[in-house]
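Reproduced below: data.txt, with compact mmCIF, C-alpha atoms.
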```txt
# COMPACT_ATOMS: atom_id res chain seq x y z
CA MET A 1 62.79 32.52 49.35
CA THR A 2 63.06 29.93 52.05
CA GLY A 3 63.91 32.39 54.78
CA THR A 4 67.61 31.57 54.63
CA THR A 5 70.13 34.23 53.69
CA LEU A 6 71.51 34.47 50.19
CA PRO A 7 75.21 33.47 50.21
CA ALA A 8 77.58 36.44 50.25
CA ALA A 9 79.22 35.79 46.88
CA LEU A 10 75.84 35.87 45.14
CA VAL A 11 74.83 39.01 47.00
CA GLU A 12 78.03 40.65 45.86
CA ILE A 13 77.48 39.67 42.21
CA ARG A 14 73.97 41.07 42.35
CA GLU A 15 75.19 44.34 43.85
CA GLU A 16 77.93 44.65 41.24
CA PHE A 17 75.43 44.35 38.41
CA THR A 18 72.63 46.46 39.79
CA ALA A 19 75.00 49.31 40.69
CA LEU A 20 75.69 49.77 36.97
CA GLU A 21 73.72 51.46 34.20
CA VAL A 22 71.91 48.85 32.13
CA ARG A 23 74.29 49.07 29.17
CA ASP A 24 77.37 48.78 31.40
CA ARG A 25 75.98 45.53 32.78
CA LEU A 26 76.81 43.91 29.45
CA GLN A 27 80.45 44.87 29.92
CA LEU A 28 80.47 43.27 33.36
CA LEU A 29 78.84 40.16 31.93
CA LEU A 30 81.62 40.11 29.33
CA GLU A 31 84.19 40.24 32.14
CA PHE A 32 82.55 37.26 33.79
CA SER A 33 82.53 35.54 30.43
CA ASN A 34 86.27 36.05 30.04
CA GLU A 35 86.85 34.73 33.54
CA LEU A 36 85.22 31.35 32.97
CA PRO A 37 88.10 28.95 33.64
CA ASP A 38 88.96 26.13 31.28
CA LEU A 39 87.63 22.77 32.33
CA PRO A 40 89.90 20.79 34.62
CA ALA A 41 91.75 18.22 32.51
CA ARG A 42 89.90 15.33 34.11
CA PHE A 43 86.66 16.60 32.48
CA ALA A 44 88.22 17.71 29.24
CA ASP A 45 89.18 14.07 28.69
CA HIS A 46 85.73 12.86 29.72
CA PRO A 47 83.09 14.71 27.76
CA ASP A 48 80.66 11.93 28.74
CA LEU A 49 80.58 13.32 32.29
CA LEU A 50 79.27 16.67 31.13
CA GLU A 51 75.60 17.45 30.79
CA ARG A 52 74.36 19.53 27.85
CA VAL A 53 72.04 22.38 28.84
CA VAL A 54 69.60 22.24 25.96
CA GLU A 55 67.62 25.29 27.06
CA CYS A 56 70.56 27.50 26.28
CA GLN A 57 70.72 28.74 22.73
CA SER A 58 74.38 27.80 22.53
CA PRO A 59 76.07 24.56 23.43
CA VAL A 60 76.99 24.68 27.11
CA TYR A 61 77.94 21.72 29.22
CA LEU A 62 78.21 21.54 32.95
CA PHE A 63 79.30 19.24 35.69
CA VAL A 64 78.83 19.77 39.40
CA GLU A 65 81.26 18.20 41.81
CA VAL A 66 80.62 17.76 45.50
CA VAL A 67 83.89 17.40 47.40
CA ASP A 68 83.76 17.10 51.20
CA GLY A 69 80.26 18.55 51.13
CA ARG A 70 81.32 21.61 49.12
CA VAL A 71 79.99 22.39 45.68
CA HIS A 72 82.13 23.17 42.62
CA LEU A 73 80.53 23.91 39.28
CA HIS A 74 82.49 23.36 36.09
CA ALA A 75 81.19 24.50 32.73
CA THR A 76 82.30 24.95 29.19
CA ALA A 77 80.80 26.92 26.32
CA PRO A 78 82.37 28.07 23.06
CA ARG A 79 84.04 31.44 22.63
CA GLU A 80 81.29 32.31 20.13
CA ALA A 81 78.76 32.17 22.98
CA PRO A 82 80.01 34.84 25.39
CA THR A 83 76.60 35.39 27.00
CA THR A 84 76.24 31.75 27.92
CA ARG A 85 79.84 31.70 29.16
CA GLY A 86 79.03 34.73 31.29
CA PHE A 87 75.99 33.02 32.84
CA ALA A 88 78.01 29.90 33.61
CA SER A 89 80.83 31.98 35.06
CA ILE A 90 78.49 33.86 37.40
CA LEU A 91 77.17 30.58 38.77
CA ALA A 92 80.61 28.96 38.91
CA GLN A 93 81.92 31.89 40.97
CA GLY A 94 78.77 32.40 42.99
CA LEU A 95 78.27 28.77 44.02
CA ASP A 96 81.90 27.73 44.43
CA GLY A 97 82.65 26.36 47.86
CA LEU A 98 79.09 26.59 49.18
CA THR A 99 77.73 23.63 51.07
CA VAL A 100 75.15 21.41 49.44
CA ASP A 101 72.48 22.74 51.77
CA GLU A 102 73.38 26.33 51.03
CA VAL A 103 72.98 25.79 47.30
CA LEU A 104 69.77 23.81 47.63
CA ASP A 105 68.11 25.95 50.30
CA ALA A 106 69.60 29.42 50.18
CA VAL A 107 69.93 30.01 46.44
CA PRO A 108 66.49 30.78 45.05
CA ASP A 109 65.65 29.28 41.65
CA ASP A 110 64.90 32.75 40.34
CA TYR A 111 68.25 34.23 41.36
CA PRO A 112 69.14 34.85 37.67
CA GLN A 113 66.08 37.11 37.31
CA THR A 114 67.12 39.23 40.27
CA ILE A 115 70.55 40.50 39.25
CA GLY A 116 69.51 43.24 36.86
CA LEU A 117 70.28 41.34 33.69
CA THR A 118 66.76 40.84 32.38
CA GLU A 119 66.73 44.42 31.09
CA ALA A 120 70.23 44.09 29.68
CA VAL A 121 69.97 40.79 27.85
CA SER A 122 66.15 40.20 27.73
CA PRO A 123 64.01 37.89 29.85
CA LEU A 124 64.08 35.14 27.22
CA ARG A 125 67.85 34.87 27.31
CA ILE A 126 67.90 34.80 31.11
CA ARG A 127 65.98 31.53 30.89
CA GLY A 128 69.23 29.92 29.85
CA MET A 129 70.82 30.89 33.14
CA THR A 130 67.78 29.75 35.10
CA ALA A 131 68.11 26.38 33.38
CA LEU A 132 71.80 26.21 34.26
CA LEU A 133 70.99 26.77 37.92
CA ALA A 134 68.16 24.23 37.86
CA ARG A 135 70.39 21.60 36.34
CA ALA A 136 73.20 22.35 38.77
CA LYS A 137 70.81 21.82 41.67
CA ARG A 138 69.47 18.62 40.15
CA GLN A 139 72.99 17.27 39.70
CA ILE A 140 73.74 18.05 43.35
CA ARG A 141 70.64 16.13 44.42
CA ASP A 142 71.75 13.21 42.23
CA ARG A 143 75.25 13.26 43.71
CA ILE A 144 74.08 13.22 47.30
CA ALA A 145 71.46 10.58 46.53
CA THR A 146 74.08 8.24 45.11
CA ALA A 147 76.83 9.16 47.57
CA MET B 1 73.18 57.72 -2.99
CA VAL B 2 73.18 53.95 -3.49
CA VAL B 3 76.49 52.30 -2.76
CA GLU B 4 77.49 50.20 -5.80
CA HIS B 5 76.38 46.57 -5.78
CA ASP B 6 78.61 43.59 -5.40
CA THR B 7 78.70 42.14 -8.90
CA SER B 8 80.57 38.96 -7.93
CA ALA B 9 79.85 36.14 -10.38
CA ARG B 10 79.08 33.95 -7.37
CA PHE B 11 75.84 35.88 -6.76
CA SER B 12 74.73 36.30 -10.37
CA ASP B 13 72.39 33.29 -10.49
CA TYR B 14 70.36 34.48 -7.51
CA ALA B 15 67.06 36.23 -8.17
CA HIS B 16 68.17 39.36 -6.30
CA PRO B 17 71.97 39.35 -6.26
CA GLU B 18 71.94 42.95 -5.06
CA ARG B 19 70.86 41.63 -1.65
CA LEU B 20 74.25 40.06 -0.94
CA VAL B 21 77.77 41.34 -0.54
CA SER B 22 80.96 39.31 -0.15
CA THR B 23 83.58 39.77 2.54
CA ASP B 24 85.95 41.14 -0.13
CA TRP B 25 83.39 43.70 -1.19
CA LEU B 26 82.70 44.78 2.37
CA ALA B 27 86.38 45.07 3.25
CA ALA B 28 86.85 47.30 0.21
CA HIS B 29 83.79 49.46 0.97
CA LEU B 30 84.09 49.96 4.73
CA GLY B 31 83.73 53.63 5.51
CA SER B 32 82.02 54.49 2.20
CA PRO B 33 79.60 57.40 2.50
CA GLY B 34 76.03 56.15 2.56
CA LEU B 35 76.95 52.72 3.93
CA VAL B 36 76.16 51.54 7.47
CA VAL B 37 77.20 48.08 8.62
CA VAL B 38 74.94 46.48 11.24
CA GLU B 39 75.79 43.48 13.39
CA SER B 40 72.86 41.44 14.65
CA ASP B 41 73.52 38.28 16.64
CA GLU B 42 71.86 35.59 18.61
CA ASP B 43 74.39 36.19 21.39
CA VAL B 44 73.86 39.67 22.79
CA LEU B 45 77.52 40.01 23.89
CA LEU B 46 79.28 38.89 20.75
CA TYR B 47 79.50 42.39 19.29
CA GLU B 48 81.27 43.56 22.45
CA THR B 49 83.93 40.88 22.03
CA GLY B 50 84.89 42.38 18.66
CA HIS B 51 83.11 43.51 15.49
CA ILE B 52 83.79 44.77 11.99
CA PRO B 53 85.26 48.28 12.27
CA GLY B 54 82.53 50.90 12.18
CA ALA B 55 79.67 48.41 12.56
CA VAL B 56 76.77 49.35 14.83
CA LYS B 57 74.86 46.79 16.90
CA ILE B 58 71.17 46.06 16.69
CA ASP B 59 69.76 43.44 19.03
CA TRP B 60 66.48 41.76 18.14
CA HIS B 61 65.32 41.40 21.75
CA LEU B 62 66.22 44.83 22.95
CA ASP B 63 65.89 46.94 19.81
CA LEU B 64 63.42 45.33 17.40
CA ASN B 65 60.79 43.84 19.70
CA ASP B 66 58.16 45.88 21.45
CA PRO B 67 58.99 45.51 25.14
CA VAL B 68 55.37 44.94 26.18
CA ARG B 69 53.28 43.52 23.34
CA ARG B 70 54.42 40.52 21.35
CA ASP B 71 55.06 42.57 18.23
CA TYR B 72 57.76 44.60 16.56
CA ILE B 73 58.48 48.23 17.30
CA ASP B 74 56.27 50.76 15.52
CA GLY B 75 57.17 53.38 12.95
CA GLU B 76 58.25 55.91 15.53
CA GLY B 77 60.38 53.40 17.39
CA PHE B 78 61.99 52.30 14.15
CA ALA B 79 62.73 55.88 13.14
CA ARG B 80 64.32 56.50 16.55
CA LEU B 81 66.41 53.35 16.28
CA MET B 82 67.61 54.08 12.74
CA SER B 83 68.35 57.66 13.62
CA SER B 84 70.43 56.66 16.66
CA LYS B 85 72.50 54.38 14.46
CA GLY B 86 73.14 57.07 11.88
CA ILE B 87 71.00 55.37 9.25
CA GLY B 88 69.00 57.47 6.79
CA ARG B 89 66.14 56.28 4.61
CA ASP B 90 68.46 56.07 1.58
CA THR B 91 71.38 54.50 3.46
CA THR B 92 72.75 51.21 2.19
CA ILE B 93 72.65 48.79 5.12
CA VAL B 94 74.76 45.65 5.22
CA VAL B 95 73.77 43.26 8.00
CA TYR B 96 75.90 40.41 9.28
CA GLY B 97 75.83 38.16 12.30
CA ASP B 98 76.54 34.82 13.94
CA LYS B 99 75.02 31.42 13.19
CA ASN B 100 74.92 31.63 9.38
CA ASN B 101 73.36 35.08 9.57
CA TRP B 102 70.29 33.71 11.31
CA TRP B 103 69.61 36.89 13.29
CA ALA B 104 71.02 39.10 10.59
CA ALA B 105 68.34 37.76 8.23
CA TYR B 106 65.76 38.42 10.92
CA ALA B 107 66.89 42.04 11.22
CA LEU B 108 66.81 42.37 7.44
CA TRP B 109 63.26 41.02 7.40
CA VAL B 110 62.15 43.51 10.07
CA PHE B 111 63.83 46.37 8.18
CA SER B 112 61.88 45.20 5.13
CA LEU B 113 58.60 45.46 7.06
CA PHE B 114 59.38 49.16 7.27
CA GLY B 115 60.20 49.26 3.58
CA HIS B 116 63.85 50.19 4.00
CA ASP B 117 64.89 49.85 0.40
CA ASP B 118 68.55 48.96 0.34
CA VAL B 119 69.41 46.36 2.94
CA ARG B 120 71.86 43.55 2.16
CA LEU B 121 73.44 40.58 3.92
CA LEU B 122 77.12 39.84 4.22
CA ASP B 123 77.33 36.34 2.73
CA GLY B 124 78.77 34.00 5.36
CA GLY B 125 78.32 36.51 8.19
CA ARG B 126 80.69 36.70 11.14
CA ALA B 127 82.05 33.22 10.55
CA ALA B 128 83.29 34.07 7.05
CA TRP B 129 84.82 37.37 8.15
CA GLU B 130 86.57 35.61 11.02
CA ALA B 131 87.73 32.59 9.00
CA GLU B 132 89.51 34.95 6.66
CA GLY B 133 91.28 36.58 9.58
CA ARG B 134 89.83 40.00 8.81
CA GLU B 135 89.95 42.93 11.17
CA TYR B 136 87.81 43.24 14.30
CA THR B 137 87.67 46.07 16.79
CA THR B 138 86.12 46.58 20.20
CA ASP B 139 85.74 50.33 19.59
CA SER B 140 82.10 51.28 19.49
CA PRO B 141 81.28 53.90 16.89
CA GLU B 142 79.33 56.94 17.97
CA PRO B 143 77.34 57.72 14.86
CA GLU B 144 75.94 61.16 14.27
CA THR B 145 72.17 60.88 14.55
CA SER B 146 70.39 60.94 11.23
CA ASP B 147 66.98 62.13 10.21
CA TYR B 148 64.92 58.99 9.61
CA PRO B 149 61.28 59.46 8.66
CA VAL B 150 58.46 57.79 10.58
CA VAL B 151 57.24 55.05 8.25
CA GLU B 152 54.55 52.68 9.47
CA ARG B 153 55.23 48.97 9.24
CA ASP B 154 53.54 47.13 6.40
CA ASP B 155 52.63 43.67 7.71
CA THR B 156 50.54 42.70 4.69
CA VAL B 157 53.19 41.52 2.23
CA ILE B 158 55.92 39.51 3.96
CA ARG B 159 54.41 38.83 7.38
CA ALA B 160 51.68 36.30 8.16
CA TYR B 161 49.48 36.23 11.25
CA LYS B 162 47.89 33.06 12.60
CA ASP B 163 44.59 33.74 10.82
CA ASP B 164 46.48 34.25 7.56
CA VAL B 165 48.05 30.84 8.03
CA LEU B 166 44.67 29.19 8.66
CA GLU B 167 43.47 30.83 5.46
CA HIS B 168 46.64 29.70 3.67
CA LEU B 169 46.20 25.99 4.55
CA GLY B 170 46.30 23.97 1.35
CA LYS B 171 49.15 26.02 -0.05
CA PRO B 172 52.81 25.29 0.67
CA LEU B 173 54.14 25.72 4.19
CA ILE B 174 57.77 25.26 5.19
CA ASP B 175 58.53 24.32 8.79
CA VAL B 176 62.19 25.22 9.28
CA ARG B 177 62.64 23.71 12.75
CA SER B 178 64.63 20.59 13.57
CA PRO B 179 63.11 17.18 12.71
CA GLU B 180 62.50 16.54 16.42
CA GLU B 181 60.53 19.73 16.87
CA TYR B 182 58.61 19.00 13.66
CA SER B 183 57.60 15.48 14.62
CA GLY B 184 56.57 16.56 18.09
CA GLU B 185 58.89 14.08 19.74
CA ARG B 186 59.23 14.83 23.40
CA THR B 187 62.14 17.20 23.82
CA THR B 188 61.80 17.91 27.49
CA ALA B 189 62.27 15.68 30.50
CA PRO B 190 61.15 15.89 34.11
CA ALA B 191 62.71 18.82 36.01
CA TYR B 192 63.70 20.49 32.76
CA PRO B 193 62.03 23.75 31.76
CA ASP B 194 59.58 23.39 28.89
CA GLU B 195 59.90 24.83 25.42
CA GLY B 196 57.27 27.53 25.50
CA ALA B 197 54.42 25.83 23.62
CA LEU B 198 51.67 23.69 25.07
CA ARG B 199 51.44 21.22 22.19
CA ALA B 200 54.09 19.61 20.00
CA GLY B 201 54.04 18.79 16.30
CA HIS B 202 53.62 20.84 13.13
CA ILE B 203 51.06 22.67 11.03
CA PRO B 204 49.26 20.14 8.76
CA SER B 205 50.89 19.69 5.33
CA ALA B 206 54.02 21.68 6.20
CA ALA B 207 57.24 20.34 4.70
CA ASN B 208 60.17 20.13 7.10
CA VAL B 209 63.29 21.85 5.78
CA PRO B 210 65.55 22.85 8.67
CA TRP B 211 66.71 26.39 7.99
CA GLY B 212 70.42 25.64 8.15
CA LYS B 213 70.21 23.48 5.01
CA ALA B 214 70.33 26.64 2.92
CA ALA B 215 73.85 27.36 4.12
CA ALA B 216 76.97 25.53 3.04
CA GLU B 217 79.59 24.33 5.53
CA ASP B 218 81.38 27.68 5.44
CA GLY B 219 78.17 29.52 6.38
CA ARG B 220 77.64 31.05 2.93
CA PHE B 221 74.43 30.51 1.02
CA ARG B 222 74.30 27.49 -1.27
CA PRO B 223 74.20 28.07 -5.03
CA VAL B 224 70.81 28.14 -6.75
CA ALA B 225 71.11 24.59 -8.13
CA GLU B 226 71.56 23.22 -4.61
CA LEU B 227 68.75 25.38 -3.23
CA ASP B 228 66.51 24.04 -6.01
CA ALA B 229 67.35 20.50 -5.00
CA ILE B 230 66.39 21.26 -1.40
CA TYR B 231 63.28 23.37 -1.79
CA ARG B 232 61.87 22.38 -5.22
CA ASP B 233 62.83 18.69 -5.52
CA GLY B 234 62.91 18.04 -1.79
CA ALA B 235 60.02 20.11 -0.44
CA GLY B 236 57.95 20.27 -3.64
CA LEU B 237 57.84 24.03 -4.12
CA GLU B 238 56.99 25.17 -7.65
CA THR B 239 57.41 28.46 -9.43
CA GLY B 240 54.49 30.72 -8.65
CA ASP B 241 53.72 29.11 -5.30
CA GLU B 242 52.65 31.24 -2.40
CA VAL B 243 54.66 30.08 0.60
CA VAL B 244 54.53 30.63 4.36
CA ALA B 245 57.59 29.76 6.46
CA TYR B 246 57.58 29.36 10.22
CA CYS B 247 59.76 28.11 13.07
CA ARG B 248 59.51 28.69 16.83
CA ILE B 249 59.37 32.46 17.07
CA GLY B 250 59.99 33.51 13.49
CA GLU B 251 63.75 34.04 13.53
CA ARG B 252 65.01 30.94 11.73
CA SER B 253 62.17 31.25 9.24
CA SER B 254 63.19 34.76 8.24
CA HIS B 255 66.44 33.20 7.06
CA THR B 256 64.38 30.82 4.90
CA TRP B 257 62.20 33.74 3.78
CA PHE B 258 65.36 35.46 2.54
CA VAL B 259 66.44 32.34 0.65
CA LEU B 260 63.07 31.70 -0.97
CA HIS B 261 62.40 35.30 -1.87
CA HIS B 262 65.69 37.01 -2.55
CA LEU B 263 67.81 34.08 -3.70
CA MET B 264 65.29 31.77 -5.40
CA GLY B 265 62.86 34.42 -6.58
CA PHE B 266 59.56 33.25 -5.11
CA GLU B 267 57.46 36.41 -5.27
CA ASN B 268 54.97 35.65 -2.56
CA VAL B 269 56.67 34.43 0.61
CA ARG B 270 55.53 35.34 4.09
CA ASN B 271 57.15 34.68 7.45
CA TYR B 272 54.76 33.57 10.20
CA ASP B 273 56.55 35.06 13.19
CA GLY B 274 53.97 33.84 15.70
CA SER B 275 55.26 30.43 14.67
CA TRP B 276 55.14 27.41 16.93
CA THR B 277 55.09 29.34 20.20
CA GLU B 278 51.74 30.74 19.06
CA TRP B 279 50.35 27.85 17.00
CA GLY B 280 51.37 25.21 19.54
CA SER B 281 49.48 27.06 22.27
CA ALA B 282 46.47 28.27 20.27
CA VAL B 283 43.08 26.72 20.98
CA ARG B 284 41.61 24.34 18.34
CA VAL B 285 44.09 24.87 15.53
CA PRO B 286 44.93 21.65 13.64
CA ILE B 287 48.24 19.94 14.47
CA VAL B 288 49.94 16.89 12.99
CA GLN B 289 52.48 14.80 14.84
CA GLY B 290 55.10 12.47 13.35
CA SER B 291 57.53 12.86 10.50
CA GLU B 292 54.91 12.98 7.70
CA PRO B 293 53.41 16.33 6.65
CA GLY B 294 49.84 15.09 7.10
CA GLU B 295 46.61 16.26 5.48
CA VAL B 296 44.95 19.64 5.58
CA PRO B 297 41.68 19.14 7.49
CA ALA B 298 38.41 19.83 5.66
CA ARG B 299 37.01 23.23 6.55
```

Please express what this file holds, its structure, as structure tokens.
Amino acid sequence: MTGTTLPAALVEIREEFTALEVRDRLQLLLEFSNELPDLPARFADHPDLLERVVECQSPVYLFVEVVDGRVHLHATAPREAPTTRGFASILAQGLDGLTVDEVLDAVPDDYPQTIGLTEAVSPLRIRGMTALLARAKRQIRDRIATA
Amino acid sequence: MVVEHDTSARFSDYAHPERLVSTDWLAAHLGSPGLVVVESDEDVLLYETGHIPGAVKIDWHLDLNDPVRRDYIDGEGFARLMSSKGIGRDTTIVVYGDKNNWWAAYALWVFSLFGHDDVRLLDGGRAAWEAEGREYTTDSPEPETSDYPVVERDDTVIRAYKDDVLEHLGKPLIDVRSPEEYSGERTTAPAYPDEGALRAGHIPSAANVPWGKAAAEDGRFRPVAELDAIYRDGAGLETGDEVVAYCRIGERSSHTWFVLHHLMGFENVRNYDGSWTEWGSAVRVPIVQGSEPGEVPAR
């Protein structure tokens, strides 16, 4: 931790998961998975803009937008990969609307390991979500570097 | 109390046709006494999105692996697991899953370590069931617990440890990973997490046959003639060969183990589950890079 406070949306997600019995956490992850929005049309027509997250076992692509200093994460993963969709959805909801500095400074890289999912889905699978977060942060750095 | 076998002509050329059932067969036998259907997937949530009615879920991470040591559960753990799923020692198990039955084959291989006699795969797995528009449910069964005996794992016949592989060098090895993993091409880039092994490449002399080649486009296993073309003509295997298959952590190679042993009839096939994550980090084991198999080093 950098001493800054974890953004409220991410705190809330963590509390939602850890309040549940381990096996019920999978159901919550499934809810997140079902909530992952379709890609905005401007990305659906431009698959070249999306970055493949190769560390995930299933094909997942993401794109981070920075609009007026606020972060928006877009991601897509097939229906056959609900776990990966769930991970992407957690980050899409948790990071949406945060400032660049909040994401880069206040969201620890190991956030995925702290929300009670390692027991529910296994530590190995959580690596996929850690990779998603790492790539999202790297894309943000790229965007502000070229802005 | 063996549930009748699927005698489809499509399976008759395989060495052990009794190890496969078709979607038609399974649809007709759902609910039969003595039959338990098990779903085992790469994606831990897929079962929750919908599964074959009555199927129970077994997850390789959470159910089959020892949570502390890098090993499988022991005899007591296996008995507890089977019992909780309503599986008895003489139950007919049909396993199916995603990704061409990749993890289903892995579960079948682990069940075989414990000598569970009658365990079969649903040919084509989830994809075939789904493509045919067959029924799914989100209702989770609550099986009555069964009495499963404590049987210790036998690692000597179908499992290879690293030292066994060193001893095996000179006999056929099949590396079932992708060509890029096999050649040791760099697959990671700066700021990207690494792949879990310290060195890249393959075990000297191993032939590279990516596991998915054994499946046709619809996810079902290829017929024997096509498997022969891949593994005998392509990878040089001959009748009577002792073979070790490996991948990254032993999951994809259990699919190949199933193909070589149960479909093609190779009697002596072992799966090296330590695979590249062990070999590629072990001290002073020989490694070859590039797309050629390379030579076995002199001992």

Best match for closeness to chain A among B:Pro149, B:Gly97, B:Gly265, B:Gly54, counting all atoms listed in the file: B:Gly97

Select, counting all atoms listed in the file, all protein, DNA and RNA residues no farther than 12 Å from (70.4, 37.8, 43.9) in file coordinates, and express the selection as a CSV table (one decimal) with C-alpha atoms, in the coordinates of the input.
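The resulting point.csv:
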```
chain,number,residue,atom,x,y,z
A,1,MET,CA,62.8,32.5,49.4
A,5,THR,CA,70.1,34.2,53.7
A,6,LEU,CA,71.5,34.5,50.2
A,7,PRO,CA,75.2,33.5,50.2
A,8,ALA,CA,77.6,36.4,50.2
A,9,ALA,CA,79.2,35.8,46.9
A,10,LEU,CA,75.8,35.9,45.1
A,11,VAL,CA,74.8,39.0,47.0
A,12,GLU,CA,78.0,40.6,45.9
A,13,ILE,CA,77.5,39.7,42.2
A,14,ARG,CA,74.0,41.1,42.4
A,15,GLU,CA,75.2,44.3,43.8
A,16,GLU,CA,77.9,44.6,41.2
A,17,PHE,CA,75.4,44.4,38.4
A,18,THR,CA,72.6,46.5,39.8
A,90,ILE,CA,78.5,33.9,37.4
A,91,LEU,CA,77.2,30.6,38.8
A,94,GLY,CA,78.8,32.4,43.0
A,95,LEU,CA,78.3,28.8,44.0
A,106,ALA,CA,69.6,29.4,50.2
A,107,VAL,CA,69.9,30.0,46.4
A,108,PRO,CA,66.5,30.8,45.0
A,109,ASP,CA,65.6,29.3,41.6
A,110,ASP,CA,64.9,32.8,40.3
A,111,TYR,CA,68.2,34.2,41.4
A,112,PRO,CA,69.1,34.8,37.7
A,113,GLN,CA,66.1,37.1,37.3
A,114,THR,CA,67.1,39.2,40.3
A,115,ILE,CA,70.6,40.5,39.2
A,116,GLY,CA,69.5,43.2,36.9
A,117,LEU,CA,70.3,41.3,33.7
```

Considering all atoms listed in the file, give me a table of residues in chain A that are at most 10 Å from chain B, with the closest atom pair and distance in Å for each, as a Markdown table.
```
| residue | atom | partner | partner_atom | distance |
| --- | --- | --- | --- | --- |
| A:Leu26 | CA | B:Leu45 | CA | 6.8 |
| A:Gln27 | CA | B:Glu48 | CA | 7.6 |
| A:Leu29 | CA | B:Leu45 | CA | 8.1 |
| A:Leu30 | CA | B:Leu45 | CA | 6.8 |
| A:Ser33 | CA | B:Leu45 | CA | 9.4 |
| A:Asn34 | CA | B:Thr49 | CA | 9.6 |
| A:Val53 | CA | B:Tyr192 | CA | 9.4 |
| A:Val54 | CA | B:Thr188 | CA | 9.1 |
| A:Glu55 | CA | B:Pro193 | CA | 7.5 |
| A:Gln57 | CA | B:Glu42 | CA | 8.1 |
| A:Ser58 | CA | B:Asp43 | CA | 8.5 |
| A:Arg79 | CA | B:Leu46 | CA | 9.0 |
| A:Glu80 | CA | B:Leu46 | CA | 6.9 |
| A:Ala81 | CA | B:Asp43 | CA | 6.1 |
| A:Pro82 | CA | B:Leu45 | CA | 5.9 |
| A:Thr83 | CA | B:Leu45 | CA | 5.6 |
| A:Thr84 | CA | B:Asp43 | CA | 8.1 |
| A:Gly86 | CA | B:Leu45 | CA | 9.2 |
| A:Glu119 | CA | B:Leu62 | CA | 8.2 |
| A:Ala120 | CA | B:Leu62 | CA | 7.9 |
| A:Val121 | CA | B:Val44 | CA | 6.5 |
| A:Ser122 | CA | B:His61 | CA | 6.2 |
| A:Pro123 | CA | B:His61 | CA | 8.9 |
| A:Leu124 | CA | B:His61 | CA | 8.4 |
| A:Arg125 | CA | B:Asp43 | CA | 8.9 |
| A:Arg127 | CA | B:Pro193 | CA | 8.8 |
| A:Gly128 | CA | B:Pro193 | CA | 9.7 |
| A:Thr130 | CA | B:Pro193 | CA | 9.0 |
| A:Ala131 | CA | B:Pro193 | CA | 6.8 |
| A:Ala134 | CA | B:Tyr192 | CA | 7.7 |
| A:Arg135 | CA | B:Tyr192 | CA | 7.7 |
| A:Arg138 | CA | B:Ala191 | CA | 7.9 |
```

Two-atom distance - CA of Glu278 in chain B, CA of Tyr106 in chain B (Å): 17.9 Å

Test item: residues at most 12 Å from Asn101 in chain B, all atoms listed in the file, excluding those fewer than 6 positions along its chain, as an mmCIF file with C-alpha atoms, in the frame of the given file:
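Done, and the output landed in out-v5.cif:
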```cif
data_model
loop_
_atom_site.group_PDB
_atom_site.id
_atom_site.type_symbol
_atom_site.label_atom_id
_atom_site.label_comp_id
_atom_site.auth_asym_id
_atom_site.auth_seq_id
_atom_site.Cartn_x
_atom_site.Cartn_y
_atom_site.Cartn_z
ATOM 1 C CA LEU B 20 74.250 40.060 -0.940
ATOM 2 C CA VAL B 38 74.940 46.480 11.240
ATOM 3 C CA GLU B 39 75.790 43.480 13.390
ATOM 4 C CA SER B 40 72.860 41.440 14.650
ATOM 5 C CA ASP B 41 73.520 38.280 16.640
ATOM 6 C CA GLU B 42 71.860 35.590 18.610
ATOM 7 C CA ASP B 43 74.390 36.190 21.390
ATOM 8 C CA VAL B 94 74.760 45.650 5.220
ATOM 9 C CA VAL B 95 73.770 43.260 8.000
ATOM 10 C CA ALA B 107 66.890 42.040 11.220
ATOM 11 C CA LEU B 108 66.810 42.370 7.440
ATOM 12 C CA TRP B 109 63.260 41.020 7.400
ATOM 13 C CA ARG B 120 71.860 43.550 2.160
ATOM 14 C CA LEU B 121 73.440 40.580 3.920
ATOM 15 C CA LEU B 122 77.120 39.840 4.220
ATOM 16 C CA ASP B 123 77.330 36.340 2.730
ATOM 17 C CA GLY B 124 78.770 34.000 5.360
ATOM 18 C CA GLY B 125 78.320 36.510 8.190
ATOM 19 C CA ARG B 126 80.690 36.700 11.140
ATOM 20 C CA ALA B 127 82.050 33.220 10.550
ATOM 21 C CA ALA B 128 83.290 34.070 7.050
ATOM 22 C CA TRP B 129 84.820 37.370 8.150
ATOM 23 C CA TRP B 211 66.710 26.390 7.990
ATOM 24 C CA GLY B 212 70.420 25.640 8.150
ATOM 25 C CA ALA B 214 70.330 26.640 2.920
ATOM 26 C CA ALA B 215 73.850 27.360 4.120
ATOM 27 C CA ASP B 218 81.380 27.680 5.440
ATOM 28 C CA GLY B 219 78.170 29.520 6.380
ATOM 29 C CA ARG B 220 77.640 31.050 2.930
ATOM 30 C CA PHE B 221 74.430 30.510 1.020
ATOM 31 C CA GLU B 251 63.750 34.040 13.530
ATOM 32 C CA ARG B 252 65.010 30.940 11.730
ATOM 33 C CA SER B 253 62.170 31.250 9.240
ATOM 34 C CA SER B 254 63.190 34.760 8.240
ATOM 35 C CA HIS B 255 66.440 33.200 7.060
ATOM 36 C CA THR B 256 64.380 30.820 4.900
ATOM 37 C CA PHE B 258 65.360 35.460 2.540
ATOM 38 C CA VAL B 259 66.440 32.340 0.650
#
```

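The space separating CA of Val224 in chain B from CA of Gly236 in chain B comes to 15.4 Å.
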
Distance of CA of Asn100 in chain B from CA of Thr7 in chain B, expressed in Å to one decimal place: 21.4 Å
